[in-house]
Each structure stands twice: as C-alpha cells, then as structure tokens.
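Have a look at model-v6.tsv below; it lists TSV, C-alpha atoms and all ligand atoms.
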```tsv
chain	number	residue	atom	x	y	z
S	203	MET	CA	76.31	122.11	286.75
S	204	ARG	CA	78.63	123.98	284.43
S	205	MET	CA	81.54	123.22	286.76
S	206	LEU	CA	80.60	119.53	286.74
S	207	SER	CA	80.60	119.38	282.96
S	208	VAL	CA	84.01	121.13	282.83
S	209	ILE	CA	85.39	118.56	285.28
S	210	LEU	CA	83.84	115.71	283.30
S	211	THR	CA	85.33	117.06	280.05
S	212	MET	CA	88.76	117.30	281.69
S	213	MET	CA	88.48	113.76	283.03
S	214	THR	CA	87.50	112.41	279.62
S	215	SER	CA	90.40	114.11	277.87
S	216	VAL	CA	92.87	112.73	280.43
S	217	ALA	CA	91.35	109.27	280.01
S	218	ALA	CA	91.51	109.58	276.20
S	219	ALA	CA	95.27	110.14	276.36
S	220	HIS	CA	95.73	106.60	277.66
S	221	ALA	CA	95.02	103.52	275.57
S	222	ALA	CA	92.08	101.33	276.57
S	223	VAL	CA	93.30	98.07	278.11
S	224	SER	CA	91.60	94.69	278.33
S	225	HIS	CA	92.75	91.13	278.86
S	226	ALA	CA	91.71	87.57	278.01
S	227	ASP	CA	92.91	83.97	278.40
S	228	PHE	CA	95.34	82.83	275.69
S	229	GLY	CA	95.49	79.13	276.61
S	230	LYS	CA	97.76	77.04	278.82
S	231	LEU	CA	101.45	76.15	278.65
S	232	PRO	CA	102.44	72.44	278.61
S	233	ASP	CA	102.93	72.65	282.42
S	234	GLY	CA	99.31	73.81	282.79
S	235	SER	CA	100.01	77.44	283.68
S	236	PRO	CA	97.53	79.90	282.17
S	237	VAL	CA	98.70	82.58	279.73
S	238	THR	CA	96.99	85.97	279.61
S	239	ILE	CA	96.94	88.25	276.56
S	240	TYR	CA	96.44	92.02	276.94
S	241	THR	CA	95.08	94.36	274.28
S	242	LEU	CA	96.11	98.03	274.34
S	243	LYS	CA	94.03	100.17	272.02
S	244	SER	CA	94.41	103.82	271.04
S	245	PRO	CA	92.80	105.59	268.07
S	246	GLN	CA	96.01	104.96	266.04
S	247	VAL	CA	97.43	101.64	267.26
S	248	GLU	CA	96.23	98.31	268.61
S	249	MET	CA	98.87	96.23	270.35
S	250	ARG	CA	98.68	92.81	272.00
S	251	VAL	CA	101.20	91.50	274.54
S	252	MET	CA	101.19	88.31	276.58
S	253	THR	CA	102.59	86.87	279.79
S	254	PHE	CA	104.57	84.05	278.06
S	255	GLY	CA	107.93	85.73	277.37
S	256	ALA	CA	106.47	89.18	278.28
S	257	ARG	CA	106.17	89.43	274.53
S	258	VAL	CA	104.61	91.57	271.84
S	259	VAL	CA	102.14	89.44	269.87
S	260	SER	CA	100.82	91.98	267.36
S	261	ILE	CA	100.86	95.69	266.52
S	262	THR	CA	98.22	96.86	264.07
S	263	THR	CA	98.58	100.27	262.44
S	264	PRO	CA	97.11	101.97	259.34
S	265	ASP	CA	99.04	102.54	256.10
S	266	ARG	CA	98.90	105.81	254.12
S	267	ASN	CA	95.40	104.88	252.86
S	268	GLY	CA	94.09	103.90	256.27
S	269	LYS	CA	94.37	100.17	255.58
S	270	GLN	CA	95.25	98.26	258.77
S	271	ALA	CA	97.96	95.60	259.00
S	272	ASP	CA	99.81	93.75	261.73
S	273	VAL	CA	103.41	94.98	261.38
S	274	VAL	CA	105.14	92.44	263.65
S	275	LEU	CA	105.94	88.76	263.08
S	276	GLY	CA	104.04	86.35	265.30
S	277	TYR	CA	101.41	83.63	265.55
S	278	ASP	CA	97.74	83.46	266.39
S	279	LYS	CA	98.01	80.39	268.67
S	280	LEU	CA	99.94	79.89	271.91
S	281	GLU	CA	101.08	76.40	270.84
S	282	ASP	CA	103.01	77.92	267.89
S	283	TYR	CA	104.89	80.20	270.33
S	284	VAL	CA	105.66	77.22	272.58
S	285	LYS	CA	107.04	75.19	269.62
S	286	ASP	CA	109.25	78.01	268.35
S	287	ASN	CA	112.34	78.22	270.54
S	288	LYS	CA	114.45	79.74	267.75
S	289	THR	CA	113.15	83.10	266.61
S	290	TYR	CA	112.46	84.98	269.87
S	291	PHE	CA	109.45	86.69	268.20
S	292	GLY	CA	108.45	89.71	270.30
S	293	VAL	CA	110.07	88.50	273.54
S	294	VAL	CA	111.96	90.23	276.31
S	295	PRO	CA	115.24	88.28	276.28
S	296	GLY	CA	117.02	88.02	279.63
S	297	ARG	CA	118.70	88.03	282.00
S	298	TYR	CA	121.35	89.06	279.45
S	299	ALA	CA	120.06	89.88	275.95
S	300	ASN	CA	122.42	88.94	273.08
S	301	ARG	CA	125.70	87.05	273.55
S	302	VAL	CA	128.12	86.26	276.35
S	303	ALA	CA	131.29	84.59	274.97
S	304	ASN	CA	131.73	81.00	276.16
S	305	GLY	CA	128.93	81.69	278.66
S	306	LYS	CA	131.59	82.97	281.06
S	307	PHE	CA	132.20	86.19	282.93
S	308	THR	CA	133.97	87.31	286.10
S	309	LEU	CA	132.36	89.51	288.73
S	310	ASP	CA	134.16	90.66	291.89
S	311	GLY	CA	136.91	88.11	291.21
S	312	LYS	CA	134.59	85.12	290.83
S	313	GLU	CA	134.04	83.35	287.50
S	314	TYR	CA	130.50	82.33	286.56
S	315	GLN	CA	129.48	79.73	283.98
S	316	LEU	CA	126.13	80.33	282.31
S	317	SER	CA	123.90	77.93	280.40
S	318	VAL	CA	125.27	77.75	276.85
S	319	ASN	CA	122.80	77.52	273.95
S	320	GLU	CA	124.51	78.73	270.74
S	321	GLY	CA	127.71	76.80	270.03
S	322	THR	CA	129.95	77.98	272.87
S	323	ASN	CA	127.93	81.19	273.48
S	324	THR	CA	125.14	82.07	275.84
S	325	LEU	CA	122.49	83.74	273.66
S	326	HIS	CA	119.60	85.72	275.17
S	327	GLY	CA	120.10	84.41	278.72
S	328	GLY	CA	120.60	80.68	278.10
S	329	LYS	CA	118.48	77.60	277.35
S	330	ASP	CA	115.67	78.57	279.69
S	331	GLY	CA	115.85	82.35	279.31
S	332	PHE	CA	113.24	84.95	280.23
S	333	ASP	CA	111.60	84.37	276.82
S	334	ARG	CA	110.45	80.89	278.00
S	335	ARG	CA	108.95	82.14	281.28
S	336	ASN	CA	105.34	82.90	282.04
S	337	TRP	CA	105.54	86.36	283.61
S	338	THR	CA	102.89	87.73	285.97
S	339	GLY	CA	100.80	90.45	284.32
S	340	LYS	CA	98.72	93.28	285.71
S	341	GLU	CA	96.84	96.11	284.04
S	342	ILE	CA	98.15	99.63	284.68
S	343	PRO	CA	96.82	102.92	283.23
S	344	GLY	CA	97.27	102.68	279.45
S	345	GLY	CA	99.08	99.37	279.56
S	346	VAL	CA	100.36	96.33	281.38
S	347	GLU	CA	103.17	95.53	283.77
S	348	PHE	CA	104.88	92.13	283.67
S	349	THR	CA	106.94	90.84	286.59
S	350	LEU	CA	109.39	87.95	286.80
S	351	VAL	CA	111.44	86.73	289.74
S	352	SER	CA	114.57	84.95	288.55
S	353	PRO	CA	116.12	82.95	291.41
S	354	ASP	CA	119.76	83.09	292.49
S	355	GLY	CA	121.71	80.79	290.15
S	356	ASP	CA	119.06	80.86	287.38
S	357	GLN	CA	120.90	79.80	284.15
S	358	GLY	CA	124.12	80.37	286.12
S	359	PHE	CA	123.51	84.07	286.92
S	360	PRO	CA	124.24	85.18	290.49
S	361	GLY	CA	121.60	86.89	292.65
S	362	LYS	CA	117.83	86.76	292.84
S	363	LEU	CA	116.66	89.27	290.22
S	364	THR	CA	113.20	90.84	290.22
S	365	ALA	CA	112.43	92.25	286.78
S	366	HIS	CA	109.51	94.40	285.60
S	367	VAL	CA	108.56	95.29	282.03
S	368	ARG	CA	105.89	97.91	281.43
S	369	TYR	CA	104.25	98.34	278.04
S	370	THR	CA	102.12	101.46	277.67
S	371	LEU	CA	100.44	103.04	274.67
S	372	GLN	CA	99.49	106.68	274.19
S	373	GLY	CA	98.20	107.73	270.80
S	374	ASN	CA	100.76	106.53	268.25
S	375	LYS	CA	103.54	105.89	270.78
S	376	VAL	CA	104.41	102.62	272.52
S	377	ALA	CA	106.70	102.92	275.54
S	378	ILE	CA	108.56	99.98	277.04
S	379	HIS	CA	110.06	100.49	280.47
S	380	TYR	CA	112.34	97.88	282.02
S	381	SER	CA	113.46	97.80	285.65
S	382	ALA	CA	115.22	95.27	287.87
S	383	THR	CA	116.71	94.85	291.34
S	384	THR	CA	118.97	92.16	292.76
S	385	ASP	CA	120.03	90.79	296.13
S	386	LYS	CA	123.64	90.01	295.00
S	387	PRO	CA	125.88	91.66	292.39
S	388	THR	CA	124.86	90.40	288.94
S	389	ILE	CA	124.64	91.44	285.27
S	390	VAL	CA	121.50	92.58	283.42
S	391	ASN	CA	120.74	93.55	279.84
S	392	LEU	CA	117.07	93.62	278.77
S	393	THR	CA	115.55	94.43	275.39
S	394	ASN	CA	112.62	93.60	273.18
S	395	HIS	CA	113.02	91.22	270.23
S	396	THR	CA	110.07	92.24	268.03
S	397	TYR	CA	110.50	91.62	264.29
S	398	PHE	CA	108.96	94.45	262.29
S	399	ASN	CA	107.77	94.31	258.71
S	400	LEU	CA	106.13	97.65	258.00
S	401	THR	CA	104.38	96.39	254.85
S	402	GLY	CA	102.74	93.76	257.06
S	403	ALA	CA	103.84	90.46	258.64
S	404	GLY	CA	104.06	87.73	256.00
S	405	SER	CA	104.15	90.20	253.08
S	406	GLY	CA	107.70	89.41	251.90
S	407	THR	CA	111.18	90.71	252.74
S	408	ILE	CA	112.12	93.91	254.55
S	409	LEU	CA	114.84	94.66	251.97
S	410	ASN	CA	112.97	97.60	250.39
S	411	GLU	CA	112.39	99.40	253.68
S	412	LYS	CA	114.58	102.40	254.39
S	413	MET	CA	116.67	102.55	257.54
S	414	THR	CA	118.31	105.33	259.47
S	415	ILE	CA	120.52	104.47	262.48
S	416	TYR	CA	121.74	107.36	264.59
S	417	ALA	CA	125.25	106.01	265.08
S	418	ASP	CA	128.74	106.91	263.84
S	419	LYS	CA	130.23	103.60	265.03
S	420	MET	CA	129.42	99.91	265.39
S	421	THR	CA	130.98	96.98	267.24
S	422	PRO	CA	132.50	94.53	264.71
S	423	VAL	CA	132.26	90.82	265.57
S	424	ASP	CA	134.30	87.64	265.17
S	425	ALA	CA	133.11	84.39	263.54
S	426	LYS	CA	131.01	83.57	266.64
S	427	LEU	CA	129.31	87.00	266.49
S	428	ILE	CA	131.15	88.14	269.61
S	429	PRO	CA	132.38	91.77	269.54
S	430	THR	CA	136.13	92.12	269.02
S	431	GLY	CA	136.10	95.13	271.37
S	432	GLU	CA	136.74	97.67	268.61
S	433	LEU	CA	134.37	100.60	268.00
S	434	LYS	CA	134.53	100.91	264.23
S	435	PRO	CA	133.46	104.04	262.32
S	436	VAL	CA	130.60	103.25	259.91
S	437	ALA	CA	131.74	105.89	257.38
S	438	GLY	CA	132.48	104.36	253.98
S	439	THR	CA	131.02	100.94	254.93
S	440	PRO	CA	127.64	99.20	254.31
S	441	PHE	CA	126.95	99.93	258.00
S	442	ASP	CA	126.57	103.67	257.39
S	443	PHE	CA	122.85	104.36	257.92
S	444	ARG	CA	123.34	107.94	259.13
S	445	LYS	CA	121.29	108.97	256.10
S	446	ALA	CA	118.25	106.86	255.19
S	447	GLU	CA	119.32	103.92	252.99
S	448	THR	CA	117.39	101.00	251.55
S	449	ILE	CA	118.19	97.94	253.70
S	450	GLY	CA	118.79	95.68	250.71
S	451	ALA	CA	121.03	98.11	248.82
S	452	ARG	CA	124.32	96.90	250.34
S	453	ILE	CA	123.32	93.81	252.34
S	454	ASN	CA	125.05	91.42	249.92
S	455	ALA	CA	128.17	93.59	249.51
S	456	ASP	CA	131.60	92.00	249.66
S	457	ASP	CA	132.15	92.93	253.30
S	458	GLU	CA	133.64	90.68	255.98
S	459	GLN	CA	131.22	91.84	258.71
S	460	LEU	CA	128.15	91.25	256.52
S	461	LYS	CA	129.42	87.76	255.67
S	462	LEU	CA	129.92	86.92	259.35
S	463	GLY	CA	126.38	88.09	260.20
S	464	LYS	CA	124.80	86.58	257.02
S	465	GLY	CA	123.49	90.13	256.65
S	466	TYR	CA	123.03	92.78	259.33
S	467	ASP	CA	123.23	91.29	262.83
S	468	HIS	CA	125.36	93.85	264.64
S	469	ASN	CA	125.35	96.35	267.45
S	470	TRP	CA	125.53	100.05	266.59
S	471	VAL	CA	127.03	102.52	269.09
S	472	LEU	CA	124.37	105.21	269.35
S	473	ASN	CA	125.45	108.85	269.27
S	474	GLY	CA	122.96	109.96	271.95
S	475	LYS	CA	123.64	110.15	275.65
S	476	MET	CA	123.06	106.94	277.61
S	477	GLY	CA	120.41	107.31	280.32
S	478	THR	CA	118.24	109.87	278.51
S	479	LEU	CA	115.92	109.15	275.58
S	480	HIS	CA	117.71	109.67	272.25
S	481	PRO	CA	116.97	108.57	268.68
S	482	ALA	CA	118.08	105.02	267.85
S	483	ALA	CA	116.57	104.25	264.44
S	484	ARG	CA	113.94	105.19	261.91
S	485	VAL	CA	112.36	102.79	259.43
S	486	GLN	CA	110.33	104.03	256.49
S	487	ASP	CA	108.42	101.72	254.17
S	488	PRO	CA	107.92	103.12	250.63
S	489	ALA	CA	105.24	100.48	249.89
S	490	SER	CA	102.81	101.31	252.72
S	491	GLY	CA	104.02	104.75	253.83
S	492	ARG	CA	104.41	103.47	257.40
S	493	VAL	CA	107.18	104.96	259.52
S	494	LEU	CA	108.59	103.64	262.79
S	495	GLU	CA	110.79	105.82	264.98
S	496	GLU	CA	112.66	104.28	267.86
S	497	GLU	CA	114.14	106.15	270.82
S	498	THR	CA	116.00	104.67	273.76
S	499	THR	CA	117.98	105.37	276.91
S	500	GLU	CA	120.37	102.52	275.95
S	501	PRO	CA	123.86	103.02	274.46
S	502	GLY	CA	123.39	100.52	271.59
S	503	VAL	CA	120.99	98.92	269.16
S	504	GLN	CA	121.28	95.47	267.53
S	505	PHE	CA	119.97	95.76	263.98
S	506	TYR	CA	119.14	92.21	262.85
S	507	THR	CA	117.65	91.49	259.43
S	508	GLY	CA	116.12	88.06	260.17
S	509	ASN	CA	119.02	86.18	258.57
S	510	PHE	CA	118.21	83.00	260.51
S	511	LEU	CA	114.57	82.92	259.38
S	512	ASP	CA	114.26	80.09	256.86
S	513	GLY	CA	110.56	79.53	256.26
S	514	SER	CA	110.27	76.77	258.85
S	515	PHE	CA	107.78	78.86	260.84
S	516	SER	CA	104.58	80.42	259.45
S	517	GLY	CA	102.09	82.90	260.81
S	518	PRO	CA	98.49	83.72	259.93
S	519	ASN	CA	99.59	85.65	256.81
S	520	GLY	CA	102.25	83.32	255.43
S	521	LYS	CA	105.74	81.92	255.87
S	522	TYR	CA	108.46	83.66	257.81
S	523	ASP	CA	111.25	83.37	255.28
S	524	PHE	CA	114.81	84.72	255.10
S	525	ARG	CA	114.90	88.45	255.90
S	526	THR	CA	111.14	88.95	256.21
S	527	GLY	CA	111.42	90.81	259.53
S	528	LEU	CA	113.86	93.23	261.16
S	529	CYS	CA	114.71	93.69	264.83
S	530	LEU	CA	115.95	96.87	266.50
S	531	GLU	CA	117.07	95.56	269.88
S	532	THR	CA	118.06	98.50	272.06
S	533	GLN	CA	120.65	97.29	274.54
S	534	HIS	CA	124.04	97.47	276.19
S	535	TYR	CA	126.67	96.08	273.82
S	536	PRO	CA	126.86	92.29	273.44
S	537	ASP	CA	129.37	90.51	275.71
S	538	SER	CA	129.90	93.67	277.80
S	539	PRO	CA	130.83	91.65	280.93
S	540	ASN	CA	133.98	90.56	279.04
S	541	HIS	CA	134.89	94.05	277.73
S	542	SER	CA	135.86	96.53	280.43
S	543	SER	CA	135.90	99.34	277.84
S	544	PHE	CA	132.14	98.89	277.14
S	545	PRO	CA	129.49	100.55	279.36
S	546	SER	CA	128.96	98.29	282.38
S	547	THR	CA	126.01	95.91	282.75
S	548	GLU	CA	126.63	95.21	286.43
S	549	LEU	CA	123.81	95.66	288.92
S	550	LYS	CA	124.44	95.75	292.64
S	551	PRO	CA	122.03	95.32	295.56
S	552	GLY	CA	120.42	98.67	296.36
S	553	GLN	CA	120.64	99.86	292.73
S	554	THR	CA	117.73	99.80	290.26
S	555	TYR	CA	118.32	98.90	286.63
S	556	SER	CA	116.12	101.19	284.55
S	557	SER	CA	115.81	101.44	280.78
S	558	GLU	CA	113.26	102.82	278.35
S	559	THR	CA	112.56	102.44	274.64
S	560	THR	CA	109.75	104.00	272.61
S	561	TRP	CA	108.28	103.18	269.21
S	562	THR	CA	106.32	105.89	267.42
S	563	PHE	CA	104.23	104.92	264.38
S	564	SER	CA	103.17	107.34	261.65
S	565	VAL	CA	102.67	107.48	257.87
S	566	GLU	CA	104.31	109.44	255.09
S	567	LYS	CA	102.23	110.23	252.04
O	601	LIG	C1	119.56	88.31	267.92
O	601	LIG	C2	120.88	87.82	267.49
O	601	LIG	C3	120.74	87.05	266.23
O	601	LIG	C4	119.74	85.92	266.39
O	601	LIG	C5	118.46	86.45	266.89
O	601	LIG	C6	117.49	85.32	267.19
O	601	LIG	O1	119.11	89.29	267.09
O	601	LIG	O2	121.83	88.84	267.34
O	601	LIG	O3	121.98	86.54	265.84
O	601	LIG	O4	120.26	84.99	267.31
O	601	LIG	O5	118.66	87.21	268.04
O	601	LIG	O6	117.35	84.46	266.11
```

Once more with this new file: its structure as structure tokens, please.
Amino acid sequence: MRMLSVILTMMTSVAAAHAAVSHADFGKLPDGSPVTIYTLKSPQVEMRVMTFGARVVSITTPDRNGKQADVVLGYDKLEDYVKDNKTYFGVVPGRYANRVANGKFTLDGKEYQLSVNEGTNTLHGGKDGFDRRNWTGKEIPGGVEFTLVSPDGDQGFPGKLTAHVRYTLQGNKVAIHYSATTDKPTIVNLTNHTYFNLTGAGSGTILNEKMTIYADKMTPVDAKLIPTGELKPVAGTPFDFRKAETIGARINADDEQLKLGKGYDHNWVLNGKMGTLHPAARVQDPASGRVLEEETTEPGVQFYTGNFLDGSFSGPNGKYDFRTGLCLETQHYPDSPNHSSFPSTELKPGQTYSSETTWTFSVEK
C-alpha cells in the first residue's frame, strides 16, 4: 500500500512537470479545411497554438501583482487570421524565414527562382508560405507537434521537405523545436514570428520595454533590407543592447540603419555557439514587471519593432498600431544562400535540420 502511494506520488509529480494539453475546433478555412486550436496550460502560463500557420495565438501570463494578460498580438477569430496576410502574427514562416534577394539563389550550380512577394524579394518563403498552410497537429506530452509536407518545387524551392514544429510547455518555459528532412538538396530557415507586448496585447507601444541582445555584431542592410554581407560591431551605435536599454531611447536616432528599417528590423549575430542553446535576448517591462528570456540554438535573431503595423488590424483589446509589438525571430541570417561567408542554410537528403528556441516568462518586483 505504502509502495503504491509512493509510486502514485512519483507519477503525479512527473505528470505535473508537463503542461495539460487539450484541443478544440477553431473553424474552417475558405477551402473548407478544419483548423484545430490547442491549449497548453501550466500553473504559470497558458498558451494557445493552432494548425493554420503552426502559429501561436495567445500566451497569458501574470504580472507582478498576479494580474493575467495575453502578451502576444493576435485575434480571437480564425477569419481575422485568414484576412491578415501582412503581419505574420505568431506564425512559423518557411521554407525560408526572412528575405532572399531577388528570390534567387544557386545550389550545386543550378539557379532557382522563388515566388517573390516583397518588391523584388522573397519574404518568409513567398506568396504561399508556410504561414498560409494548415499544418497537421497532434498532441504530445506537454504540447503539440505540427507537421507539414512541402512538395518539390513549392514556391520554387527544390526538394520535398517534411517539416515538424513542436511546442511544449513546462512551468514557465515554452520550448519550440523545429526539424526537417528533404529528398533533394534545398535550403531551410525556420523561426517563429510572435509579436510580444509584455504590458499586454493592445496596450500601446513597446517603446518603454527594456531589451538586452546578447550580440557584439549585427548584419547591416541595404535599402531593400538585404544584408550587405558585413558583420558590424554594435559598439557605439543604437544597436548596442549588450546592456539592457529602453527600446525607444534611440529608435529615432539619426542613424542610416534605423532609417532603412523604419526602426529596428535587423539581424543580430549572437555571441553564443550555434547548435547549443545560448541566450538570445531578454525583455523586461517596467510597467507590468514581466520578463521574457529567449534562448536559441540559432546563430542570429531578427529584432523587429513592428514598424509596418499601422492600425489597419485590431485584436480583442484594441488596434495594432505602429510599434505595438516586438518580434525576436531566432534564425540563420537573412539571405544566407547568397552570402557564402554566412553560416549555411543548406539541407541535404539524409541530414536532419534541427533547431530549438525557448521562451521563459517571469516577473521582477
Ligand atoms: C520580419 C521582417 C520585417 C517584416 C515582418 C513582417 O520581421 O524582417 O521587415 O516584413 O517580418 O511584417
């Protein structure tokens, strides 16, 4: 009897370490396919993710007084997500997150032309990127796994790619694991495009939040937001976030890079070692006390301050205006296929692309 109760206690504590997971219907896409929404719930965090775009829909956490708020930008209805093909709220962009110049790259001597959807660039995988796909979802312990098969030639990319994204929650930590395999040499770069506002979605700008980015260098861009290839030291520039700085303090400085990005919309070269988890960024919100720490196995992070948000989309708590959300897109550097000096984004048959990013939520008094 005593033994049984010891075993039961052990089983309960193991079970308690994982978030509780449930799922529900979230409506149908215009083509009739059903969308499923998953809820991951731990004592500290409640997170919802859905099959359409393999995206984060909401993350609710307490502030320093225990008051709950949803800290990511999003909508409460599927039709609003379908209408919005601009913001990439919460999605997993793919097959290549961020930009490929002129939608062109060469692999094993052959040039490929991708679907172009931002001037002459391919942004976030092209017109019909992974963000517009209804992934297959399945519950796993403490989370959900989404799967997408992208056929050979999809948006111009070579090779049939099978991609998996796993979201899991344990206590106050969300882990996102990405993996992919291919049947022909191809390129892959996956990330998550969640917009955070630690005071709460719809509460105003993110300019008073404090940012740390664990990077000595960044990749400056040209007028089309394509990296020039240079790795530029951040020291002495508005891009130096090695010590916590208020986001708005220098965002309007007379700086060529800030003008090109209409604010921060750049890739930082992380100091940590690629392939093992290392700190990417830390955001601290003086208003609510909420803190977000991000770690990743990726070599870079795109810090984007919502400079293209213009109030044309609204969520349950108000309008999504200029700079009311921030993204921390862990990734390989933009346009890597056209820069042989950048870490490679090639994936060959027999190899497995694998990448992990974690978000840890806490409060400071
Ligand atoms: C990324 C890009 C931005 C913008 C957003 C989506 O963060 O770097 O320039 O395109 O996606 O609006």

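Comparing the minimum interatomic distances between Ser556 (chain S) and each of S:Leu242, S:Ala382, S:Ala455, S:Cys529, counting all atoms listed in the file, we find that S:Ala382 sits nearest.
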
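Nearest residue to Thr559 (chain S), choosing from S:Thr478, S:Asn319, S:Asn540, S:Thr448 and counting all atoms listed in the file: S:Thr478.
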
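The coordinates place CA of Thr370 (chain S) at 17.4 Å from CA of Ala226 (chain S).
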
Give me the residues of chain S that have any atom at most 7 Å from an atom of ligand LIG 601 (chain O); for each, the nearest atom pair and the distance in Å, rounded to one decimal. Use all atoms listed in the file, sort by chain and number, and format it as JSON lines.
```
{"residue": "S:Lys288", "atom": "CA", "partner": "O:LIG601", "partner_atom": "O6", "distance": 5.8}
{"residue": "S:Thr289", "atom": "CA", "partner": "O:LIG601", "partner_atom": "O6", "distance": 4.4}
{"residue": "S:Tyr290", "atom": "CA", "partner": "O:LIG601", "partner_atom": "C6", "distance": 5.7}
{"residue": "S:Asn300", "atom": "CA", "partner": "O:LIG601", "partner_atom": "O2", "distance": 5.8}
{"residue": "S:Leu325", "atom": "CA", "partner": "O:LIG601", "partner_atom": "O4", "distance": 6.8}
{"residue": "S:Asp467", "atom": "CA", "partner": "O:LIG601", "partner_atom": "O2", "distance": 5.3}
{"residue": "S:His468", "atom": "CA", "partner": "O:LIG601", "partner_atom": "O2", "distance": 6.7}
{"residue": "S:Gln504", "atom": "CA", "partner": "O:LIG601", "partner_atom": "O1", "distance": 6.6}
{"residue": "S:Tyr506", "atom": "CA", "partner": "O:LIG601", "partner_atom": "O1", "distance": 5.1}
{"residue": "S:Phe510", "atom": "CA", "partner": "O:LIG601", "partner_atom": "O6", "distance": 5.9}
{"residue": "S:Cys529", "atom": "CA", "partner": "O:LIG601", "partner_atom": "O1", "distance": 6.6}
```

Could you write those residues out with C-alpha atoms, as a PDB file, keeping the file's coordinate frame?
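As written to disk, part.pdb reads:
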```pdb
ATOM      1  CA  LYS S 288     114.450  79.740 267.750  1.00  0.00           C
ATOM      2  CA  THR S 289     113.150  83.100 266.610  1.00  0.00           C
ATOM      3  CA  TYR S 290     112.460  84.980 269.870  1.00  0.00           C
ATOM      4  CA  ASN S 300     122.420  88.940 273.080  1.00  0.00           C
ATOM      5  CA  LEU S 325     122.490  83.740 273.660  1.00  0.00           C
ATOM      6  CA  ASP S 467     123.230  91.290 262.830  1.00  0.00           C
ATOM      7  CA  HIS S 468     125.360  93.850 264.640  1.00  0.00           C
ATOM      8  CA  GLN S 504     121.280  95.470 267.530  1.00  0.00           C
ATOM      9  CA  TYR S 506     119.140  92.210 262.850  1.00  0.00           C
ATOM     10  CA  PHE S 510     118.210  83.000 260.510  1.00  0.00           C
ATOM     11  CA  CYS S 529     114.710  93.690 264.830  1.00  0.00           C
TER      12      CYS S 529
END
```

At a cut-off of 9 Å around the point (110.3, 100.4, 269.5) (file coordinates), what residues fall inside when counting only C-alpha atoms? I'd like the answer as a ChimeraX atom specification.
/S:375-378,394,396,483,494-498,530-532,559-562

Could you tell me how far CA of Thr262 (chain S) sits from CA of Pro518 (chain S), in Å to one decimal place?
13.8 Å

Quick one: residues within 8 Å of Pro264 (chain S), all atoms listed in the file, excluding same-chain residues fewer than 5 positions away - as a CSV table (one decimal) with C-alpha atoms, in the coordinates of the input?
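Full text of selection.csv as output:
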```csv
chain,number,residue,atom,x,y,z
S,246,GLN,CA,96.0,105.0,266.0
S,247,VAL,CA,97.4,101.6,267.3
S,269,LYS,CA,94.4,100.2,255.6
S,270,GLN,CA,95.2,98.3,258.8
S,271,ALA,CA,98.0,95.6,259.0
S,492,ARG,CA,104.4,103.5,257.4
S,565,VAL,CA,102.7,107.5,257.9
```

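Put simply, CA of Phe398 (chain S) is 11.7 Å away from CA of Phe563 (chain S).
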
Specify the axis-aligned box that encloses all atoms of region 227-236 of chain S listed in the file after padding of 3 Å on each side, stating its centre and edge lengths in Å to one decimal as JSON.
```
{"center_x": 97.9, "center_y": 78.2, "center_z": 279.7, "size_x": 16.0, "size_y": 17.5, "size_z": 14.0}
```

Closest to Glu558 (chain S) among S:Glu500, S:Asp233, S:Asp523, S:Glu341, using all atoms listed in the file?
S:Glu500

What's the 8 Å shell around Thr349 (chain S), counting all atoms listed in the file, without same-chain residues fewer than 6 positions away, as a PyMOL selection string?
chain S and resi 337-339+364-367

Those same residues - C-alpha atoms - I'd like them written as a compact mmCIF listing (two decimals), keeping the file's coordinate frame.
```txt
# COMPACT_ATOMS: atom_id res chain seq x y z
CA TRP S 337 105.54 86.36 283.61
CA THR S 338 102.89 87.73 285.97
CA GLY S 339 100.80 90.45 284.32
CA THR S 364 113.20 90.84 290.22
CA ALA S 365 112.43 92.25 286.78
CA HIS S 366 109.51 94.40 285.60
CA VAL S 367 108.56 95.29 282.03
```

Have a look at S:Asn336, S:Asn399, S:Ser224, S:Ser538 and name the one nearest to Val284 (chain S); count only C-alpha atoms.
S:Asn336

Residue contacts of Tyr240 (chain S) (10 Å, all atoms listed in the file) excluding same-chain residues fewer than 3 positions away, as a list in words
Val223, Ser224, His225, Ala226, Asp227, Phe228, Lys243, Met249, Arg250, Val251, Met252, Thr253, Val258, Val259, Gly339, Lys340, Glu341, Gly345 and Val346 of chain S

Test item: residues at most 12 Å from region 350-355 of chain S, all atoms listed in the file, excluding those fewer than 2 positions along its chain, as a PyMOL selection string
chain S and resi 253-256+294+296-297+314-317+327+330-340+347-348+357-368+380-388+390

Anything within 10 Å of (104.2, 89.4, 261.5): list those residues as number ranges by chain, counting all atoms listed in the file and sticking to the file's coordinates.
S: 259-262, 271-277, 291-292, 396-405, 516-522, 526-527

Generate N, CA and C atoms for region 296-308 of chain S and emit them as a short mmCIF file (atom, residue, chain, number, x, y, z; two decimals), in the coordinates of the input.
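As written to disk, part.cif reads:
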```
data_model
loop_
_atom_site.label_atom_id
_atom_site.label_comp_id
_atom_site.auth_asym_id
_atom_site.auth_seq_id
_atom_site.Cartn_x
_atom_site.Cartn_y
_atom_site.Cartn_z
N GLY S 296 116.34 87.72 278.37
CA GLY S 296 117.02 88.02 279.63
C GLY S 296 117.57 86.73 280.22
N ARG S 297 118.31 86.84 281.26
CA ARG S 297 118.70 88.03 282.00
C ARG S 297 119.70 88.87 281.22
N TYR S 298 120.41 88.27 280.25
CA TYR S 298 121.35 89.06 279.45
C TYR S 298 121.02 88.90 277.97
N ALA S 299 120.39 89.92 277.37
CA ALA S 299 120.06 89.88 275.95
C ALA S 299 121.35 89.83 275.12
N ASN S 300 121.29 89.14 273.98
CA ASN S 300 122.42 88.94 273.08
C ASN S 300 123.48 88.02 273.72
N ARG S 301 124.74 88.14 273.27
CA ARG S 301 125.70 87.05 273.55
C ARG S 301 126.67 87.33 274.69
N VAL S 302 127.01 86.24 275.39
CA VAL S 302 128.12 86.26 276.35
C VAL S 302 129.08 85.16 275.87
N ALA S 303 130.32 85.53 275.56
CA ALA S 303 131.29 84.59 274.97
C ALA S 303 131.57 83.44 275.92
N ASN S 304 131.48 82.23 275.39
CA ASN S 304 131.73 81.00 276.16
C ASN S 304 130.85 80.89 277.41
N GLY S 305 129.82 81.71 277.49
CA GLY S 305 128.93 81.69 278.66
C GLY S 305 129.65 82.00 279.96
N LYS S 306 130.77 82.73 279.86
CA LYS S 306 131.59 82.97 281.06
C LYS S 306 131.78 84.46 281.30
N PHE S 307 131.80 84.84 282.56
CA PHE S 307 132.20 86.19 282.93
C PHE S 307 132.68 86.18 284.38
N THR S 308 133.43 87.22 284.75
CA THR S 308 133.97 87.31 286.10
C THR S 308 133.41 88.56 286.76
#
```
